[in-house]
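**Student:** Following this line is work.tsv, made up of TSV, C-alpha atoms:
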```tsv
chain	number	residue	atom	x	y	z
A	1	MET	CA	159.71	-101.12	-37.32
A	2	SER	CA	159.77	-101.20	-41.12
A	3	GLU	CA	161.02	-104.79	-41.22
A	4	PHE	CA	159.06	-107.95	-41.82
A	5	TRP	CA	159.60	-111.68	-41.51
A	6	LEU	CA	157.73	-113.75	-44.10
A	7	ILE	CA	157.46	-117.36	-42.98
A	8	SER	CA	155.47	-120.46	-43.88
A	9	ALA	CA	154.57	-123.75	-42.22
A	10	PRO	CA	152.69	-126.82	-43.47
A	11	GLY	CA	148.92	-126.38	-43.55
A	12	ASP	CA	148.01	-129.59	-41.67
A	13	ARG	CA	146.17	-129.53	-38.37
A	14	GLU	CA	149.27	-129.89	-36.20
A	15	ASN	CA	151.06	-126.97	-37.85
A	16	LEU	CA	147.99	-124.75	-37.93
A	17	GLN	CA	147.84	-125.27	-34.17
A	18	ALA	CA	151.53	-124.38	-34.00
A	19	LEU	CA	150.79	-121.14	-35.86
A	20	GLU	CA	148.04	-120.35	-33.32
A	21	ARG	CA	150.51	-120.92	-30.48
A	22	MET	CA	152.99	-118.62	-32.22
A	23	ASN	CA	150.34	-115.91	-32.55
A	24	THR	CA	149.36	-116.26	-28.90
A	25	VAL	CA	152.93	-116.08	-27.57
A	26	THR	CA	154.06	-113.22	-29.82
A	27	SER	CA	150.92	-111.25	-29.00
A	28	LYS	CA	151.12	-111.70	-25.23
A	29	SER	CA	154.84	-110.91	-25.21
A	30	ASN	CA	154.37	-107.96	-27.58
A	31	LEU	CA	157.01	-109.37	-29.92
A	32	SER	CA	155.36	-108.88	-33.31
A	33	TYR	CA	152.23	-108.09	-35.25
A	34	ASN	CA	151.21	-111.11	-37.35
A	35	THR	CA	148.91	-111.40	-40.38
A	36	LYS	CA	148.19	-114.15	-42.90
A	37	PHE	CA	149.95	-113.66	-46.22
A	38	ALA	CA	147.80	-114.93	-49.09
A	39	ILE	CA	149.60	-116.71	-51.93
A	40	PRO	CA	147.65	-118.22	-54.85
A	41	ASP	CA	147.95	-121.85	-55.99
A	42	PHE	CA	150.38	-121.93	-58.88
A	43	LYS	CA	151.11	-124.62	-61.42
A	44	VAL	CA	153.90	-126.50	-59.69
A	45	GLY	CA	155.66	-128.09	-62.65
A	46	THR	CA	158.57	-130.50	-62.19
A	47	LEU	CA	160.98	-130.73	-59.27
A	48	ASP	CA	163.84	-129.68	-61.55
A	49	THR	CA	161.88	-126.58	-62.54
A	50	LEU	CA	161.29	-125.64	-58.90
A	51	VAL	CA	164.95	-126.11	-57.99
A	52	GLY	CA	165.96	-123.88	-60.92
A	53	LEU	CA	163.37	-121.26	-59.97
A	54	SER	CA	164.60	-121.26	-56.38
A	55	ASP	CA	168.04	-120.14	-57.54
A	56	GLU	CA	166.67	-117.68	-60.14
A	57	LEU	CA	164.24	-116.08	-57.69
A	58	GLY	CA	167.03	-115.57	-55.17
A	59	LYS	CA	169.00	-113.55	-57.74
A	60	LEU	CA	165.89	-111.69	-58.90
A	61	ASP	CA	165.04	-110.82	-55.29
A	62	THR	CA	168.48	-109.24	-54.78
A	63	PHE	CA	168.24	-107.37	-58.09
A	64	ALA	CA	164.75	-106.02	-57.35
A	65	GLU	CA	165.74	-104.81	-53.88
A	66	SER	CA	168.82	-103.07	-55.28
A	67	LEU	CA	166.71	-101.45	-58.00
A	68	ILE	CA	164.09	-99.97	-55.66
A	69	ARG	CA	166.80	-98.61	-53.37
A	70	ARG	CA	168.47	-96.92	-56.34
A	71	MET	CA	165.13	-95.49	-57.42
A	72	ALA	CA	164.44	-94.20	-53.91
A	73	GLN	CA	167.86	-92.52	-53.88
A	74	SER	CA	167.15	-91.00	-57.30
A	75	VAL	CA	163.94	-89.46	-55.94
A	76	VAL	CA	165.92	-87.88	-53.09
A	77	GLU	CA	168.58	-86.54	-55.48
A	78	VAL	CA	166.07	-85.12	-57.96
A	79	MET	CA	164.06	-83.36	-55.23
A	80	GLU	CA	167.22	-81.63	-53.89
A	81	ASP	CA	166.02	-78.91	-51.49
A	82	SER	CA	162.67	-80.71	-51.02
A	83	LYS	CA	164.21	-84.13	-50.37
A	84	GLY	CA	162.59	-84.19	-46.92
A	85	LYS	CA	159.32	-84.79	-48.80
A	86	ALA	CA	160.70	-87.70	-50.83
A	87	GLN	CA	158.70	-90.25	-48.82
A	88	GLU	CA	155.51	-88.75	-50.28
A	89	HIS	CA	156.58	-90.16	-53.66
A	90	LEU	CA	157.74	-93.58	-52.41
A	91	LEU	CA	154.38	-95.33	-52.49
A	92	ALA	CA	153.01	-98.62	-53.84
A	93	ASN	CA	149.62	-98.50	-55.52
A	94	GLY	CA	149.04	-95.14	-53.85
A	95	VAL	CA	149.59	-96.34	-50.27
A	96	ASP	CA	152.62	-96.34	-47.99
A	97	LEU	CA	154.94	-99.32	-48.29
A	98	THR	CA	154.13	-100.83	-44.89
A	99	SER	CA	150.40	-100.80	-45.66
A	100	PHE	CA	150.99	-102.40	-49.04
A	101	VAL	CA	153.04	-105.23	-47.53
A	102	THR	CA	150.62	-105.90	-44.66
A	103	HIS	CA	147.61	-105.89	-47.01
A	104	PHE	CA	149.28	-107.67	-49.90
A	105	GLU	CA	147.07	-109.25	-52.55
A	106	TRP	CA	148.39	-111.09	-55.58
A	107	ASP	CA	147.79	-109.12	-58.80
A	108	MET	CA	146.07	-111.70	-60.99
A	109	ALA	CA	145.72	-109.30	-63.94
A	110	LYS	CA	149.40	-108.46	-64.11
A	111	TYR	CA	150.80	-111.87	-63.10
A	112	PRO	CA	148.18	-114.57	-63.92
A	113	ALA	CA	148.53	-117.47	-61.47
A	114	LYS	CA	147.21	-119.89	-64.10
A	115	GLN	CA	150.37	-119.42	-66.13
A	116	PRO	CA	153.37	-121.70	-65.49
A	117	LEU	CA	155.61	-120.40	-62.71
A	118	VAL	CA	158.45	-119.99	-65.18
A	119	SER	CA	156.34	-117.60	-67.24
A	120	VAL	CA	155.32	-115.56	-64.21
A	121	VAL	CA	158.94	-115.19	-63.10
A	122	ASP	CA	160.02	-114.31	-66.65
A	123	THR	CA	157.35	-111.58	-66.84
A	124	ILE	CA	158.59	-109.99	-63.62
A	125	ALA	CA	162.24	-110.27	-64.64
A	126	LYS	CA	161.62	-108.55	-67.99
A	127	GLN	CA	159.56	-105.82	-66.31
A	128	LEU	CA	162.33	-105.02	-63.82
A	129	ALA	CA	165.04	-105.14	-66.49
A	130	GLN	CA	163.13	-102.57	-68.56
A	131	ILE	CA	162.65	-100.31	-65.54
A	132	GLU	CA	166.36	-100.46	-64.75
A	133	MET	CA	167.30	-99.64	-68.37
A	134	ASP	CA	164.93	-96.65	-68.39
A	135	LEU	CA	166.19	-95.53	-64.97
A	136	LYS	CA	169.78	-95.44	-66.20
A	137	SER	CA	168.99	-93.43	-69.33
A	138	ARG	CA	166.64	-90.94	-67.67
A	139	THR	CA	168.79	-90.24	-64.61
A	140	ALA	CA	171.97	-90.06	-66.72
A	141	ALA	CA	170.45	-87.30	-68.87
A	142	TYR	CA	169.30	-85.37	-65.78
A	143	HIS	CA	172.64	-85.77	-63.99
A	144	THR	CA	174.48	-84.54	-67.10
A	145	LEU	CA	172.29	-81.46	-67.10
A	146	LYS	CA	172.96	-80.82	-63.39
A	147	THR	CA	176.69	-81.30	-63.91
A	148	ASN	CA	176.76	-78.81	-66.79
A	149	LEU	CA	174.91	-76.29	-64.62
A	150	ALA	CA	177.34	-76.80	-61.75
A	151	ASN	CA	180.35	-76.45	-64.03
A	152	LEU	CA	178.97	-73.23	-65.48
A	153	GLU	CA	178.50	-71.79	-61.99
A	154	LYS	CA	182.08	-72.69	-61.06
A	155	LYS	CA	183.56	-71.18	-64.19
A	156	SER	CA	186.45	-68.77	-63.64
A	157	MET	CA	187.01	-70.14	-60.11
A	158	CYS	CA	190.62	-70.12	-59.03
A	159	VAL	CA	190.84	-70.19	-55.24
A	160	SER	CA	192.90	-72.02	-52.69
A	161	ALA	CA	190.80	-74.54	-50.75
A	162	SER	CA	192.02	-73.12	-47.46
A	163	LEU	CA	190.34	-69.82	-48.20
A	164	HIS	CA	186.92	-71.47	-47.94
A	165	VAL	CA	187.40	-71.49	-44.18
A	166	TRP	CA	186.61	-67.78	-44.17
A	167	LEU	CA	183.87	-67.58	-46.74
A	168	GLY	CA	181.77	-70.75	-47.08
A	169	GLY	CA	182.29	-70.76	-50.87
A	170	ASN	CA	179.41	-68.86	-52.51
A	171	LEU	CA	181.39	-65.84	-53.68
A	172	PHE	CA	184.27	-68.10	-54.66
A	173	THR	CA	182.30	-70.59	-56.73
A	174	ARG	CA	179.20	-68.92	-58.16
A	175	THR	CA	179.09	-67.45	-61.63
A	176	LEU	CA	179.38	-63.66	-61.71
A	177	SER	CA	177.74	-63.07	-65.07
A	178	ASP	CA	174.42	-62.20	-63.42
A	179	ILE	CA	176.05	-59.87	-60.87
A	180	VAL	CA	178.62	-57.65	-62.55
A	181	SER	CA	177.98	-55.13	-65.30
A	182	LYS	CA	180.09	-53.31	-67.85
A	183	GLU	CA	180.05	-50.17	-65.71
A	184	ASP	CA	181.88	-51.95	-62.87
A	185	PHE	CA	185.10	-52.27	-64.87
A	186	VAL	CA	187.72	-50.17	-66.61
A	187	LEU	CA	187.80	-51.74	-70.06
A	188	ASP	CA	190.03	-51.47	-73.11
A	189	SER	CA	192.81	-49.74	-71.17
A	190	GLU	CA	196.45	-50.47	-71.93
A	191	TYR	CA	197.53	-49.58	-68.39
A	192	LEU	CA	194.61	-49.99	-65.99
A	193	VAL	CA	192.66	-53.08	-64.90
A	194	THR	CA	189.79	-53.68	-62.48
A	195	LEU	CA	190.05	-56.63	-60.06
A	196	LEU	CA	187.36	-58.27	-57.94
A	197	VAL	CA	188.25	-58.89	-54.30
A	198	ILE	CA	186.39	-61.02	-51.74
A	199	VAL	CA	186.48	-59.42	-48.29
A	200	PRO	CA	185.17	-61.10	-45.08
A	201	LYS	CA	182.49	-58.97	-43.44
A	202	PRO	CA	184.49	-58.34	-40.24
A	203	ASN	CA	187.26	-56.89	-42.45
A	204	TYR	CA	185.18	-54.34	-44.40
A	205	SER	CA	186.57	-51.41	-42.42
A	206	GLN	CA	190.15	-52.64	-42.79
A	207	TRP	CA	189.66	-52.99	-46.56
A	208	GLN	CA	188.39	-49.45	-46.94
A	209	LYS	CA	191.34	-48.09	-44.92
A	210	THR	CA	194.11	-50.14	-46.51
A	211	TYR	CA	193.28	-51.17	-50.10
A	212	GLU	CA	194.89	-48.04	-51.62
A	213	SER	CA	198.18	-48.78	-49.84
A	214	LEU	CA	198.37	-52.53	-50.43
A	215	SER	CA	200.51	-51.76	-53.47
A	216	ASP	CA	201.82	-48.84	-55.47
A	217	MET	CA	199.70	-47.49	-58.30
A	218	VAL	CA	196.23	-48.31	-56.90
A	219	VAL	CA	193.64	-45.82	-58.13
A	220	PRO	CA	192.27	-43.87	-55.13
A	221	ARG	CA	188.58	-44.21	-54.26
A	222	SER	CA	188.17	-46.92	-56.92
A	223	THR	CA	186.58	-49.58	-54.71
A	224	LYS	CA	182.88	-50.38	-54.82
A	225	LEU	CA	180.79	-53.13	-53.18
A	226	ILE	CA	179.20	-55.19	-55.95
A	227	THR	CA	177.38	-57.85	-53.92
A	228	GLU	CA	177.56	-59.66	-50.59
A	229	ASP	CA	176.31	-62.72	-48.75
A	230	LYS	CA	176.14	-63.49	-45.04
A	231	GLU	CA	179.90	-64.11	-44.88
A	232	GLY	CA	181.46	-61.40	-46.98
A	233	GLY	CA	181.37	-59.01	-49.92
A	234	LEU	CA	182.70	-58.70	-53.46
A	235	PHE	CA	184.53	-55.40	-54.05
A	236	THR	CA	186.07	-53.83	-57.16
A	237	VAL	CA	189.43	-52.10	-57.16
A	238	THR	CA	191.27	-50.48	-60.08
A	239	LEU	CA	195.06	-50.41	-60.41
A	240	PHE	CA	197.88	-50.45	-62.93
A	241	ARG	CA	198.41	-53.78	-64.69
A	242	LYS	CA	202.09	-54.01	-63.77
A	243	VAL	CA	201.35	-54.22	-60.01
A	244	ILE	CA	198.68	-56.96	-60.20
A	245	GLU	CA	200.86	-59.72	-58.73
A	246	ASP	CA	202.19	-57.52	-55.94
A	247	PHE	CA	198.63	-56.43	-55.05
A	248	LYS	CA	197.41	-60.06	-54.98
A	249	SER	CA	200.23	-61.05	-52.65
A	250	LYS	CA	199.58	-58.19	-50.24
A	251	ALA	CA	195.85	-58.86	-50.36
A	252	ARG	CA	196.37	-62.51	-49.33
A	253	GLU	CA	198.47	-61.40	-46.38
A	254	ASN	CA	195.48	-59.35	-45.20
A	255	LYS	CA	192.92	-62.15	-45.82
A	256	PHE	CA	191.52	-60.45	-48.90
A	257	THR	CA	191.08	-62.78	-51.87
A	258	VAL	CA	191.38	-61.65	-55.47
A	259	ARG	CA	188.96	-63.67	-57.56
A	260	GLU	CA	190.18	-64.38	-61.08
A	261	PHE	CA	187.63	-62.74	-63.34
A	262	TYR	CA	188.00	-60.66	-66.48
A	263	TYR	CA	184.98	-58.96	-68.01
A	264	ASP	CA	184.18	-60.18	-71.52
A	265	GLU	CA	180.81	-58.88	-72.69
A	266	LYS	CA	180.37	-61.47	-75.44
A	267	GLU	CA	181.37	-64.33	-73.14
A	268	ILE	CA	179.07	-63.13	-70.36
A	269	LYS	CA	176.16	-62.86	-72.79
A	270	ARG	CA	176.86	-66.38	-74.06
A	271	GLU	CA	177.17	-67.62	-70.45
A	272	ARG	CA	173.87	-66.02	-69.46
A	273	GLU	CA	172.11	-67.56	-72.43
A	274	GLU	CA	173.61	-70.98	-71.68
A	275	MET	CA	172.60	-70.71	-68.02
A	276	ALA	CA	169.04	-69.76	-68.99
A	277	ARG	CA	168.86	-72.68	-71.43
A	278	LEU	CA	170.16	-75.20	-68.87
A	279	LEU	CA	167.81	-73.93	-66.17
A	280	SER	CA	164.90	-74.18	-68.59
A	281	ASP	CA	165.91	-77.73	-69.61
A	282	LYS	CA	166.25	-78.76	-65.97
A	283	LYS	CA	162.82	-77.36	-65.13
A	284	GLN	CA	161.29	-79.16	-68.11
A	285	GLN	CA	162.90	-82.48	-67.16
A	286	TYR	CA	162.19	-82.26	-63.41
A	287	GLY	CA	158.44	-82.89	-63.47
A	288	PRO	CA	158.39	-85.77	-65.99
A	289	LEU	CA	161.37	-87.47	-64.32
A	290	LEU	CA	159.85	-87.25	-60.84
A	291	ARG	CA	156.53	-88.59	-62.13
A	292	TRP	CA	158.31	-91.45	-63.91
A	293	LEU	CA	160.25	-92.31	-60.74
A	294	LYS	CA	157.07	-92.26	-58.66
A	295	VAL	CA	155.15	-94.55	-61.03
A	296	ASN	CA	157.98	-96.98	-61.67
A	297	PHE	CA	159.15	-97.11	-58.07
A	298	SER	CA	155.65	-98.33	-57.27
A	299	GLU	CA	155.81	-100.90	-60.08
A	300	ALA	CA	159.24	-102.16	-58.99
A	301	PHE	CA	158.26	-102.37	-55.33
A	302	ILE	CA	155.06	-104.26	-56.14
A	303	ALA	CA	157.07	-106.67	-58.29
A	304	TRP	CA	159.55	-107.16	-55.44
A	305	ILE	CA	156.86	-108.22	-52.98
A	306	HIS	CA	155.42	-110.58	-55.60
A	307	ILE	CA	158.91	-112.09	-55.87
A	308	LYS	CA	158.88	-112.65	-52.10
A	309	ALA	CA	155.52	-114.44	-52.43
A	310	LEU	CA	156.90	-116.60	-55.23
A	311	ARG	CA	159.95	-117.51	-53.15
A	312	VAL	CA	157.74	-118.57	-50.25
A	313	PHE	CA	155.65	-120.72	-52.58
A	314	VAL	CA	158.61	-122.41	-54.27
A	315	GLU	CA	160.56	-123.01	-51.04
A	316	SER	CA	157.44	-124.26	-49.24
A	317	VAL	CA	156.77	-126.86	-51.95
A	318	LEU	CA	160.42	-127.92	-51.97
A	319	ARG	CA	160.51	-128.08	-48.15
A	320	TYR	CA	157.10	-129.55	-47.33
A	321	GLY	CA	156.37	-131.53	-50.52
A	322	LEU	CA	153.18	-132.24	-52.46
A	323	PRO	CA	150.27	-131.76	-52.52
A	324	VAL	CA	150.69	-128.02	-52.00
A	325	ASN	CA	149.47	-127.26	-48.48
A	326	PHE	CA	151.09	-124.50	-46.43
A	327	GLN	CA	150.19	-121.29	-44.63
A	328	ALA	CA	152.27	-118.13	-45.07
A	329	VAL	CA	152.37	-115.56	-42.28
A	330	LEU	CA	153.82	-112.04	-42.24
A	331	LEU	CA	155.39	-110.97	-38.94
A	332	GLN	CA	156.32	-107.39	-38.15
A	333	PRO	CA	158.71	-107.32	-35.14
A	334	HIS	CA	157.82	-104.47	-32.80
A	335	LYS	CA	161.45	-103.55	-32.14
A	336	LYS	CA	164.96	-104.77	-32.93
A	337	SER	CA	165.62	-105.71	-29.32
A	338	SER	CA	162.84	-108.31	-29.50
A	339	ALA	CA	164.30	-110.06	-32.56
A	340	LYS	CA	166.31	-112.65	-30.63
A	341	ARG	CA	163.36	-113.59	-28.43
A	342	LEU	CA	161.02	-113.75	-31.45
A	343	ARG	CA	163.43	-116.06	-33.26
A	344	GLU	CA	163.59	-118.34	-30.20
A	345	VAL	CA	159.79	-118.53	-30.09
A	346	LEU	CA	159.58	-119.49	-33.76
A	347	ASN	CA	162.32	-122.10	-33.50
A	348	SER	CA	160.63	-123.60	-30.44
A	349	VAL	CA	157.13	-123.65	-31.95
A	350	PHE	CA	158.27	-125.21	-35.23
A	351	ARG	CA	161.13	-127.40	-34.01
A	352	HIS	CA	159.10	-130.51	-34.89
A	353	LEU	CA	159.56	-129.68	-38.58
A	354	ASP	CA	163.27	-130.47	-38.29
A	355	GLU	CA	164.26	-131.67	-34.82
A	356	VAL	CA	168.01	-131.87	-35.52
A	357	ALA	CA	168.30	-128.38	-37.05
A	358	ALA	CA	165.98	-126.77	-34.50
A	359	THR	CA	167.85	-128.29	-31.56
A	360	SER	CA	171.20	-127.09	-32.84
A	361	ILE	CA	169.79	-123.59	-33.36
A	362	LEU	CA	168.27	-123.41	-29.89
A	363	ASP	CA	171.35	-124.84	-28.20
A	364	ALA	CA	173.74	-122.51	-30.00
A	365	SER	CA	172.24	-119.42	-28.31
A	366	VAL	CA	173.68	-117.25	-31.03
A	367	GLU	CA	173.25	-113.50	-31.13
A	368	ILE	CA	171.12	-112.16	-33.99
A	369	PRO	CA	172.32	-108.66	-34.91
A	370	GLY	CA	170.21	-107.00	-37.57
A	371	LEU	CA	167.76	-109.92	-37.55
A	372	GLN	CA	170.39	-112.25	-39.01
A	373	LEU	CA	171.95	-115.32	-37.42
A	374	SER	CA	175.68	-114.96	-37.13
A	375	ASN	CA	176.70	-118.50	-37.94
A	376	GLN	CA	173.82	-120.00	-39.94
A	377	ASP	CA	170.62	-118.99	-41.69
A	378	TYR	CA	168.74	-122.29	-41.77
A	379	PHE	CA	165.41	-122.52	-39.92
A	380	PRO	CA	162.97	-125.42	-39.62
A	381	TYR	CA	160.37	-123.25	-41.39
A	382	VAL	CA	160.53	-121.23	-44.62
A	383	TYR	CA	161.74	-117.71	-43.85
A	384	PHE	CA	162.41	-114.54	-45.87
A	385	HIS	CA	163.27	-111.03	-44.70
A	386	ILE	CA	161.74	-107.78	-46.02
A	387	ASP	CA	163.65	-104.67	-44.94
A	388	LEU	CA	162.14	-101.27	-45.72
A	389	SER	CA	164.38	-99.32	-43.34
A	390	LEU	CA	166.87	-98.27	-46.02
A	391	LEU	CA	164.02	-96.61	-47.90
A	392	ASP	CA	163.22	-94.30	-44.95
```
Can you turn what I pasted into structure tokens?
**Tutor:**
Amino acid sequence: MSEFWLISAPGDRENLQALERMNTVTSKSNLSYNTKFAIPDFKVGTLDTLVGLSDELGKLDTFAESLIRRMAQSVVEVMEDSKGKAQEHLLANGVDLTSFVTHFEWDMAKYPAKQPLVSVVDTIAKQLAQIEMDLKSRTAAYHTLKTNLANLEKKSMCVSASLHVWLGGNLFTRTLSDIVSKEDFVLDSEYLVTLLVIVPKPNYSQWQKTYESLSDMVVPRSTKLITEDKEGGLFTVTLFRKVIEDFKSKARENKFTVREFYYDEKEIKREREEMARLLSDKKQQYGPLLRWLKVNFSEAFIAWIHIKALRVFVESVLRYGLPVNFQAVLLQPHKKSSAKRLREVLNSVFRHLDEVAATSILDASVEIPGLQLSNQDYFPYVYFHIDLSLLD
């Protein structure tokens, strides 16, 4: 499972023995994998400061988690056809996220523990705010580019949505500037016009037999297959301008679709140049954007786990008092079905920390879907949840 429970208990002899009992029971029952979670000794400051930090860290925790999920989604969107390999870019300090969490070490260089807690939290908050601002600007520019490309490919499309049932959409939606040529059309004629018709593959034979008789004044032997995909083909047909509407109507009755397209050499040249420019811009932006996402996803994720460590420290001091003396432990439940049993073990082992609360929790026998209690989230020990599953 890619979920973790980060808990703490007082560091006195009685509670260290309780932690040993927890490790023994969870190991024998195969409920979780447990490791110590090292948190440095910070400058505590005043009680008012800790209470304020408790609230601020809760908001920062939510913000950081939301940010890394958005960044993970951006990696998937940018990689498009290779999105199955997105996990290769979602790393922290060059290792997978689970390994980083289970082997967490406080980064003293980036977040000096000798600084006041307020300063450490402020440093992380400013770092994440800058990452979010950069994420918005960089992804907005890339999405605008993708949108312009998509709009260019859909240009000249005029098709009923129901027709997509027959032909998946490629010949209906894609640009034709790179397919057709001047020689495919009758141009500069006062009376004649060349239309493009999408014909389902099973109907090729019917098209060849009937297109000349779909309307009066269709030029004989004027059809030619321009291109095709796995569903159908794009054919030309030349006829007199005054029977265009009648031909379109008869074509629809026979499941042939006239695609609205009129050859304009200058417009096609401009469209081809614009397409080439957009494709070049997209290619140039792809690499730098993906590298930025990879580096800054790592930075944001690392900051998030440091926030979790800070929350454990602050809540442990507020819960257990001074002097600072607690032990943090990281539990990785083996499977969701064991969550309820694991919670019962923890509440039983640490019920002495708050007899009234622990008794009410144990007696309630509440279900715990998704590792959350349904009617309360208070435990006799400090507890925080780390969920990596939405990054999978």
**Student:** Work out how far CA of Thr123 (chain A) is from CA of Lys110 (chain A), in Å to one decimal.
**Tutor:**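 We find that CA of Lys110 (chain A) and CA of Thr123 (chain A) lie 9.0 Å from each other.
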**Student:** Using only C-alpha atoms, find the one residue out of A:Ile268, A:Val193, A:Val349, A:Leu31 that sits nearest to Val180 (chain A).
**Tutor:** A:Ile268
**Student:** CA of Phe63 (chain A) and CA of Gly84 (chain A), how far apart in Å?
**Tutor:**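 Interatomic distance, CA of Gly84 (chain A) to CA of Phe63 (chain A): 26.3 Å.
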**Student:** Using CA of Arg319 (chain A) and CA of Asn34 (chain A) as the two end points, give the distance in Å to one decimal.
**Tutor:** 22.2 Å
**Student:** Hey, what's within 12 Å of Ser54 (chain A) if we count all atoms listed in the file and toss same-chain stuff fewer than 4 positions away? As a JSON list (two decimals) with C-alpha atoms, in the frame of the given file, please?
**Tutor:**
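Output file result.json follows:
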```json
[["chain", "number", "residue", "atom", "x", "y", "z"],
["A", 47, "LEU", "CA", 160.98, -130.73, -59.27],
["A", 48, "ASP", "CA", 163.84, -129.68, -61.55],
["A", 49, "THR", "CA", 161.88, -126.58, -62.54],
["A", 50, "LEU", "CA", 161.29, -125.64, -58.90],
["A", 58, "GLY", "CA", 167.03, -115.57, -55.17],
["A", 59, "LYS", "CA", 169.00, -113.55, -57.74],
["A", 60, "LEU", "CA", 165.89, -111.69, -58.90],
["A", 61, "ASP", "CA", 165.04, -110.82, -55.29],
["A", 117, "LEU", "CA", 155.61, -120.40, -62.71],
["A", 118, "VAL", "CA", 158.45, -119.99, -65.18],
["A", 121, "VAL", "CA", 158.94, -115.19, -63.10],
["A", 307, "ILE", "CA", 158.91, -112.09, -55.87],
["A", 308, "LYS", "CA", 158.88, -112.65, -52.10],
["A", 310, "LEU", "CA", 156.90, -116.60, -55.23],
["A", 311, "ARG", "CA", 159.95, -117.51, -53.15],
["A", 312, "VAL", "CA", 157.74, -118.57, -50.25],
["A", 313, "PHE", "CA", 155.65, -120.72, -52.58],
["A", 314, "VAL", "CA", 158.61, -122.41, -54.27],
["A", 315, "GLU", "CA", 160.56, -123.01, -51.04],
["A", 316, "SER", "CA", 157.44, -124.26, -49.24],
["A", 317, "VAL", "CA", 156.77, -126.86, -51.95],
["A", 318, "LEU", "CA", 160.42, -127.92, -51.97],
["A", 319, "ARG", "CA", 160.51, -128.08, -48.15]]
```
**Student:** Identify which of the residues A:Met217, A:Leu353, A:Ile305, A:Leu176 lies closest to Ile386 (chain A), counting all atoms listed in the file when measuring atom-to-atom distances.
**Tutor:**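 Selected residue with least distance to Ile386 (chain A): A:Ile305.
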**Student:** If we draw a sphere of 10 Å around (150.3, -108.3, -45.1), which residues have at least one atom in it when counting only C-alpha atoms? Please report them as a ChimeraX atom specification.
**Tutor:** /A:4,6,34-38,98-105,329-332
**Student:** Which residue is closest to Ser74 (chain A)? Choose from A:Leu289, A:Ala300, A:Leu128, A:Ala18 and count all atoms listed in the file.
**Tutor:** A:Leu289
**Student:** With all atoms listed in the file as the atoms that count, which of A:Arg259, A:Asp246, A:Ala72, A:Ala129 lies nearest to Thr173 (chain A)?
**Tutor:** A:Arg259
**Student:** Which residue is closest to Pro333 (chain A)? Choose from A:Asp387, A:Ala9, A:Glu190, A:Ser137 and count all atoms listed in the file.
**Tutor:**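 Nearest candidate to Pro333 (chain A) out of A:Asp387, A:Ala9, A:Glu190, A:Ser137: A:Asp387.
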**Student:** Name all residues at most 9 Å from region 106-108 of chain A (count all atoms listed in the file; drop same-chain ones fewer than 2 positions away) and give them as a list in words.
**Tutor:**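 The residues satisfying every condition are Ala38, Ile39, Pro40, Phe104, Lys110, Tyr111, Pro112, Ala113, Lys114, His306 and Ala309 of chain A.
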**Student:** Using all atoms listed in the file for the distances, tell me which of A:Ser280, A:Thr139, A:Thr223, A:Ser215 is nearest to Val199 (chain A).
**Tutor:**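 Of the candidates, the smallest distance to Val199 (chain A) is held by A:Thr223.
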